[in-house]
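*Asks:* If it helps, the file is called query.txt and holds compact mmCIF, C-alpha atoms and all ligand atoms:
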```txt
# COMPACT_ATOMS: atom_id res chain seq x y z
CA MET P 1 18.26 30.93 30.29
CA HIS P 2 19.04 31.65 33.90
CA PRO P 3 22.13 29.60 34.97
CA THR P 4 19.88 27.36 37.08
CA LYS P 5 17.62 26.86 34.05
CA ARG P 6 14.61 27.26 36.31
CA ARG P 7 14.04 30.72 34.91
CA ILE P 8 14.09 32.32 31.50
CA ILE P 9 14.85 35.94 30.66
CA PHE P 10 13.28 37.58 27.64
CA ALA P 11 15.71 40.29 26.57
CA ASP P 12 13.92 41.42 23.40
CA LYS P 13 12.69 44.63 25.04
CA LYS P 14 9.01 43.66 24.89
CA GLY P 15 8.73 44.17 28.62
CA ILE P 16 8.35 40.50 29.53
CA GLY P 17 11.60 40.15 31.48
CA GLU P 18 12.30 37.20 33.73
CA LEU P 19 9.85 34.30 34.06
CA LYS P 20 9.89 31.32 36.37
CA LEU P 21 9.37 27.97 34.66
CA LEU P 22 6.86 25.68 36.35
CA GLY P 23 5.87 22.09 35.82
CA LYS P 24 7.65 19.02 34.49
CA TRP P 25 10.21 19.62 31.76
CA ASP P 26 13.64 18.47 30.65
CA ILE P 27 14.96 21.56 28.90
CA GLN P 28 17.85 21.64 31.37
CA THR P 29 19.25 18.51 29.68
CA ILE P 30 19.51 20.31 26.33
CA ASP P 31 22.58 22.32 25.35
CA GLU P 32 21.54 25.96 25.10
CA LYS P 33 23.15 26.27 21.66
CA LEU P 34 20.65 23.74 20.30
CA ILE P 35 17.66 25.88 21.27
CA LYS P 36 16.80 27.63 18.02
CA ARG P 37 13.64 29.47 18.93
CA VAL P 38 11.52 30.24 21.95
CA ARG P 39 7.96 31.45 22.06
CA ILE P 40 5.29 32.07 24.64
CA VAL P 41 1.78 30.77 24.02
CA LYS P 42 -1.33 31.49 25.98
CA ARG P 43 -3.66 28.59 26.66
CA ALA P 44 -6.89 28.52 28.66
CA ASP P 45 -5.00 27.21 31.70
CA GLY P 46 -1.97 29.47 31.60
CA PHE P 47 1.10 30.53 29.68
CA TYR P 48 3.53 28.08 28.09
CA VAL P 49 7.08 28.54 26.88
CA GLN P 50 7.78 26.49 23.77
CA PHE P 51 11.35 25.62 22.84
CA CYS P 52 12.28 24.72 19.30
CA VAL P 53 15.27 22.40 19.69
CA LYS P 54 17.56 20.98 17.02
CA ILE P 55 17.99 17.30 17.86
CA ASP P 56 18.42 14.13 15.86
CA SER P 57 15.31 12.03 16.43
CA THR P 58 15.60 9.32 13.80
CA VAL P 59 14.53 5.96 15.12
CA THR P 60 15.21 2.55 13.66
CA ALA P 61 11.91 0.72 13.45
CA PRO P 62 11.80 -3.08 13.33
CA GLN P 63 11.98 -4.74 9.90
CA THR P 64 8.57 -5.80 8.69
CA SER P 65 6.68 -6.40 5.47
CA ASN P 66 3.26 -6.08 7.13
CA GLN P 67 0.64 -3.98 5.38
CA VAL P 68 -2.61 -2.74 6.84
CA GLY P 69 -5.69 -0.99 5.49
CA ILE P 70 -7.76 1.09 7.89
CA ASP P 71 -11.32 2.32 7.62
CA LEU P 72 -12.15 5.33 9.77
CA GLY P 73 -15.68 5.10 11.06
CA LEU P 74 -18.29 6.45 13.39
CA GLU P 75 -19.07 3.25 15.23
CA TYR P 76 -15.39 2.44 15.76
CA PHE P 77 -12.46 4.82 15.63
CA TYR P 78 -11.11 2.59 12.90
CA SER P 79 -11.39 -0.97 11.66
CA ASP P 80 -8.46 -2.68 10.01
CA SER P 81 -7.90 -5.24 7.27
CA ASN P 82 -6.70 -7.80 9.85
CA GLY P 83 -10.19 -7.87 11.34
CA ASN P 84 -9.63 -5.66 14.39
CA HIS P 85 -11.85 -2.83 15.57
CA GLU P 86 -10.34 0.08 17.48
CA GLU P 87 -12.99 1.43 19.85
CA ASN P 88 -13.86 5.09 19.99
CA PRO P 89 -12.41 6.49 23.18
CA ARG P 90 -15.04 6.87 25.87
CA PHE P 91 -13.55 10.11 27.15
CA LEU P 92 -14.51 11.85 23.93
CA ARG P 93 -18.18 10.93 24.17
CA LYS P 94 -18.31 11.84 27.86
CA ALA P 95 -16.43 15.08 27.34
CA GLU P 96 -18.71 16.09 24.49
CA LYS P 97 -21.76 16.24 26.76
CA ASP P 98 -19.81 17.99 29.46
CA ILE P 99 -18.49 20.63 27.06
CA LYS P 100 -22.01 21.30 25.75
CA ARG P 101 -23.25 21.78 29.30
CA SER P 102 -20.53 24.25 30.22
CA GLN P 103 -21.09 26.08 26.96
CA ARG P 104 -24.77 26.61 27.82
CA LYS P 105 -23.76 27.93 31.24
CA ILE P 106 -21.93 30.85 29.63
CA TYR P 107 -25.12 32.19 28.08
CA LYS P 108 -27.07 31.90 31.32
CA LYS P 109 -24.78 34.48 32.93
CA LYS P 110 -25.21 38.20 32.42
CA LYS P 111 -23.20 39.72 29.61
CA GLY P 112 -20.01 41.36 30.82
CA SER P 113 -20.35 39.87 34.30
CA SER P 114 -17.49 38.17 36.14
CA GLY P 115 -19.65 35.03 36.33
CA ARG P 116 -19.77 34.92 32.58
CA ARG P 117 -16.03 35.40 32.32
CA LYS P 118 -15.49 32.54 34.77
CA ALA P 119 -17.93 30.28 32.90
CA ARG P 120 -16.06 31.00 29.71
CA GLY P 121 -12.81 30.01 31.40
CA VAL P 122 -14.30 26.72 32.60
CA TYR P 123 -15.52 25.98 29.08
CA ALA P 124 -12.15 26.83 27.51
CA ARG P 125 -10.23 24.64 29.97
CA LYS P 126 -12.55 21.70 29.35
CA HIS P 127 -12.05 22.15 25.65
CA LEU P 128 -8.30 22.26 26.09
CA ARG P 129 -8.31 19.12 28.19
CA VAL P 130 -10.22 17.08 25.63
CA THR P 131 -8.06 18.47 22.81
CA ARG P 132 -4.99 17.17 24.62
CA GLN P 133 -6.59 13.78 25.33
CA ARG P 134 -7.66 13.43 21.73
CA ASN P 135 -4.18 14.32 20.55
CA GLU P 136 -2.53 11.77 22.85
CA HIS P 137 -4.99 9.11 21.72
CA ALA P 138 -4.38 9.79 18.01
CA LYS P 139 -0.62 9.90 18.58
CA ARG P 140 -0.53 6.57 20.42
CA LEU P 141 -2.59 4.73 17.79
CA ALA P 142 -0.62 6.23 14.88
CA ARG P 143 2.68 5.31 16.51
CA ASN P 144 1.59 1.70 17.07
CA LEU P 145 0.30 1.31 13.51
CA THR P 146 3.43 2.69 11.87
CA LEU P 147 5.73 0.65 14.11
CA ALA P 148 3.92 -2.60 13.30
CA ASN P 149 3.51 -2.05 9.56
CA ALA P 150 5.71 -1.17 6.62
CA MET P 151 2.67 0.28 4.86
CA VAL P 152 -0.47 1.89 6.29
CA VAL P 153 -3.29 2.65 3.88
CA LEU P 154 -6.23 4.89 4.64
CA GLU P 155 -8.91 6.77 2.78
CA ASN P 156 -8.20 10.24 1.49
CA LEU P 157 -10.30 12.43 3.75
CA ASN P 158 -12.29 15.42 2.69
CA VAL P 159 -10.40 17.97 4.71
CA SER P 160 -12.18 20.96 3.19
CA GLY P 161 -15.34 19.62 4.79
CA LEU P 162 -13.77 20.24 8.16
CA VAL P 163 -14.46 23.93 8.15
CA LYS P 164 -17.98 23.67 6.78
CA ASN P 165 -19.89 21.75 9.38
CA HIS P 166 -21.02 23.22 12.66
CA LYS P 167 -22.28 20.11 14.37
CA LEU P 168 -20.17 19.46 17.42
CA ALA P 169 -20.18 15.66 17.28
CA LYS P 170 -19.29 15.63 13.60
CA SER P 171 -16.60 18.24 13.94
CA ILE P 172 -15.00 16.35 16.83
CA THR P 173 -14.88 13.21 14.69
CA ASP P 174 -13.46 15.09 11.72
CA ALA P 175 -10.83 16.78 13.85
CA SER P 176 -9.84 13.42 15.36
CA TRP P 177 -9.39 11.85 11.95
CA TYR P 178 -7.41 14.79 10.71
CA LEU P 179 -5.14 14.66 13.75
CA PHE P 180 -4.77 10.92 13.38
CA ARG P 181 -3.70 11.23 9.79
CA GLN P 182 -1.17 13.93 10.63
CA TRP P 183 0.37 11.70 13.30
CA LEU P 184 0.43 8.76 10.86
CA GLU P 185 2.36 10.90 8.41
CA TYR P 186 4.69 12.11 11.13
CA PHE P 187 5.54 8.64 12.42
CA GLY P 188 5.55 7.25 8.88
CA SER P 189 8.43 9.49 7.91
CA LYS P 190 10.15 9.03 11.25
CA PHE P 191 10.13 5.22 11.00
CA GLY P 192 10.59 5.07 7.22
CA ARG P 193 7.12 3.64 6.58
CA GLN P 194 4.71 4.27 3.74
CA VAL P 195 1.49 6.03 4.63
CA ILE P 196 -0.80 6.00 1.63
CA ALA P 197 -4.14 7.70 1.06
CA VAL P 198 -6.42 6.16 -1.56
CA PRO P 199 -9.62 7.51 -3.17
CA PRO P 200 -12.50 6.95 -0.72
CA HIS P 201 -15.24 6.24 -3.27
CA TYR P 202 -17.36 3.08 -2.89
CA THR P 203 -15.07 1.47 -0.33
CA SER P 204 -18.12 0.36 1.63
CA GLN P 205 -19.95 -1.05 -1.39
CA GLU P 206 -17.10 -2.94 -2.99
CA CYS P 207 -16.48 -6.60 -2.21
CA SER P 208 -13.01 -7.25 -0.79
CA ASN P 209 -13.09 -10.75 -2.23
CA CYS P 210 -14.17 -10.22 -5.86
CA GLY P 211 -14.11 -6.44 -6.32
CA ILE P 212 -17.73 -6.19 -7.53
CA ARG P 213 -19.85 -3.34 -6.17
CA THR P 214 -23.08 -4.15 -4.40
CA ASP P 215 -25.62 -1.52 -3.48
CA ILE P 216 -25.87 -1.72 0.28
CA SER P 217 -27.26 0.87 2.58
CA LEU P 218 -24.98 2.29 5.24
CA SER P 219 -27.16 0.79 7.93
CA THR P 220 -26.26 -2.73 6.85
CA ARG P 221 -23.55 -3.83 9.21
CA THR P 222 -22.61 -6.90 7.25
CA HIS P 223 -21.24 -6.90 3.75
CA SER P 224 -22.82 -9.71 1.83
CA CYS P 225 -21.75 -10.09 -1.79
CA SER P 226 -24.50 -11.06 -4.22
CA HIS P 227 -21.84 -11.97 -6.78
CA CYS P 228 -19.43 -14.30 -4.95
CA GLY P 229 -21.30 -14.87 -1.69
CA HIS P 230 -18.50 -13.40 0.48
CA THR P 231 -19.75 -12.22 3.88
CA GLU P 232 -17.85 -9.94 6.24
CA GLN P 233 -18.36 -7.20 8.82
CA ARG P 234 -18.91 -3.99 6.82
CA ASP P 235 -15.96 -1.94 8.13
CA ILE P 236 -13.47 -4.82 7.94
CA ASN P 237 -14.51 -5.38 4.33
CA ALA P 238 -13.97 -1.67 3.63
CA ALA P 239 -10.52 -1.78 5.26
CA LYS P 240 -9.57 -4.69 2.99
CA VAL P 241 -10.81 -2.79 -0.07
CA ILE P 242 -8.73 0.22 1.02
CA LEU P 243 -5.60 -1.93 1.34
CA ALA P 244 -6.25 -3.54 -2.05
CA ARG P 245 -6.48 -0.10 -3.67
CA ALA P 246 -2.92 0.70 -2.67
CA ASN P 247 -1.77 -2.63 -4.06
CA GLY P 248 -3.03 -2.16 -7.57
CA ARG P 249 -6.78 -2.60 -7.67
CA GLY P 250 -8.15 0.86 -8.37
CA GLY P 251 -4.78 2.55 -7.96
CA HIS P 252 -1.06 2.18 -8.51
CA PRO P 253 1.38 2.16 -5.65
CA GLN P 254 4.20 4.59 -6.15
CA SER P 255 7.73 3.40 -5.71
CA HIS P 256 10.11 5.35 -3.56
CA ALA P 257 13.78 4.83 -4.12
CA SER P 258 14.73 6.10 -0.71
CA GLY P 259 12.13 4.00 1.06
CA VAL P 260 11.31 6.99 3.19
CA VAL P 261 8.07 8.69 2.39
CA ALA P 262 5.81 11.01 4.30
CA SER P 263 2.48 10.64 2.63
CA THR P 264 1.34 9.81 -0.85
CA SER P 265 -1.97 10.11 -2.50
CA ILE P 266 -3.00 7.62 -5.14
CA GLY P 267 -5.30 8.35 -8.03
CA SER P 268 -7.60 11.29 -8.35
CA ASN P 269 -8.74 13.31 -5.41
CA THR P 270 -12.07 14.73 -6.37
CA ASP P 271 -12.59 16.29 -2.98
ZN ZN P 301 -17.81 -10.63 -3.99
```
Go ahead and render the structure in this file as structure tokens.
Ligand SMILES: [Zn+2]

*Replies:*
Amino acid sequence: MHPTKRRIIFADKKGIGELKLLGKWDIQTIDEKLIKRVRIVKRADGFYVQFCVKIDSTVTAPQTSNQVGIDLGLEYFYSDSNGNHEENPRFLRKAEKDIKRSQRKIYKKKKGSSGRRKARGVYARKHLRVTRQRNEHAKRLARNLTLANAMVVLENLNVSGLVKNHKLAKSITDASWYLFRQWLEYFGSKFGRQVIAVPPHYTSQECSNCGIRTDISLSTRTHSCSHCGHTEQRDINAAKVILARANGRGGHPQSHASGVVASTSIGSNTD
């Protein structure tokens, strides 16, 4: 680092040399000895210098015995076993249309033309922007959930399906869920909380009150049990079933002597 720490010098003989650091950053507050690695990444809106810094970031989270089950959905981002729905962020739906439009614009320009190159840049920057928004959104929700609960239970997602589908809307949803789960695991281990994934099968058919499966179509928004008469909003019922699975019904919670666990998977994962 330059003594002023406003500049960085790459001395690895790759011909990069001295760079000026722009934007908001707090690397000047870090002792240079703690910087373990530096790399340059190219994004659609410019070059970034990433610093890998060795710092102690353990946080003491408030004592709680709260447990929550969450059902990831299409109508809501998630619904929880306490009866709350977390709305899908509007910026994602708006951005989706916008991204599609700017993607079409690329193909309207002549191949190899500067117009096409510019259109591609616009598209890439829009993509980058929504990726960052989505990440911040997932991070915020995951942080709140792990702070408020000693145990967060969710369905084991079919991650291999992520690469298969080519539909934009579906892939955005999948990517959001995947990100969300990664942040849950990150904050779970940071705060010493349990983040548990349970088998996803029949969570929307099972009754959270009596455990009996009822054949309901996905379009039915209310779970109505023909066995015990229990009625509940479909996703809330599913969230309760998910929580129950971690607590014994349909799975066995694992004990962790240390109390600190990143992520555990219960039962079989047939995906
Ligand atoms: Zn029932």

*Asks:* For segment 23-30 of chain P, work out the shell of residues within 9 Å, counting all atoms listed in the file and skipping chain neighbours fewer than 3 positions away, then give it as a list of chain:residue names.

*Replies:*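 My reading of the contact set: P:Thr4, P:Lys5, P:Arg6, P:Lys33, P:Leu34, P:Ile35, P:Phe51, P:Val53.
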
*Asks:* Could you please extract the residues within 9 Å of ligand ZN 301 (chain P), counting only C-alpha atoms and all ligand atoms, and hand them back as an MDAnalysis selection string?

*Replies:* chainID P and resid 206:214 224:231

*Asks:* Find the spatial neighbours of Arg221 of chain P, counting all atoms listed in the file, within a cut-off of 12 Å - ignore same-chain residues fewer than 3 positions away - and output them as a list in words.

*Replies:*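 Answer for this query is Glu75, Ser204, Gln205, Ile216, Ser217, Leu218, Ser224, Thr231, Glu232, Gln233, Arg234, Asp235, Ile236, Asn237 and Ala238 of chain P.
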
*Asks:* Could you write those residues out with C-alpha atoms, as a compact mmCIF listing (two decimals), in the frame of the given file?

*Replies:*
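Wrote part_6.txt, looks like this:
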```
# COMPACT_ATOMS: atom_id res chain seq x y z
CA GLU P 75 -19.07 3.25 15.23
CA SER P 204 -18.12 0.36 1.63
CA GLN P 205 -19.95 -1.05 -1.39
CA ILE P 216 -25.87 -1.72 0.28
CA SER P 217 -27.26 0.87 2.58
CA LEU P 218 -24.98 2.29 5.24
CA SER P 224 -22.82 -9.71 1.83
CA THR P 231 -19.75 -12.22 3.88
CA GLU P 232 -17.85 -9.94 6.24
CA GLN P 233 -18.36 -7.20 8.82
CA ARG P 234 -18.91 -3.99 6.82
CA ASP P 235 -15.96 -1.94 8.13
CA ILE P 236 -13.47 -4.82 7.94
CA ASN P 237 -14.51 -5.38 4.33
CA ALA P 238 -13.97 -1.67 3.63
```

*Asks:* Can you measure atom CA of Gly69 of chain P to atom CA of Arg93 of chain P for me? One decimal in Å is fine.

*Replies:*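 Going from atom CA of Gly69 of chain P over to atom CA of Arg93 of chain P covers 25.4 Å.
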
*Asks:* What is the atom CA of Gln133 of chain P-atom CA of Asp56 of chain P distance in Å, reported with one decimal?

*Replies:*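 A separation of 26.7 Å between them.
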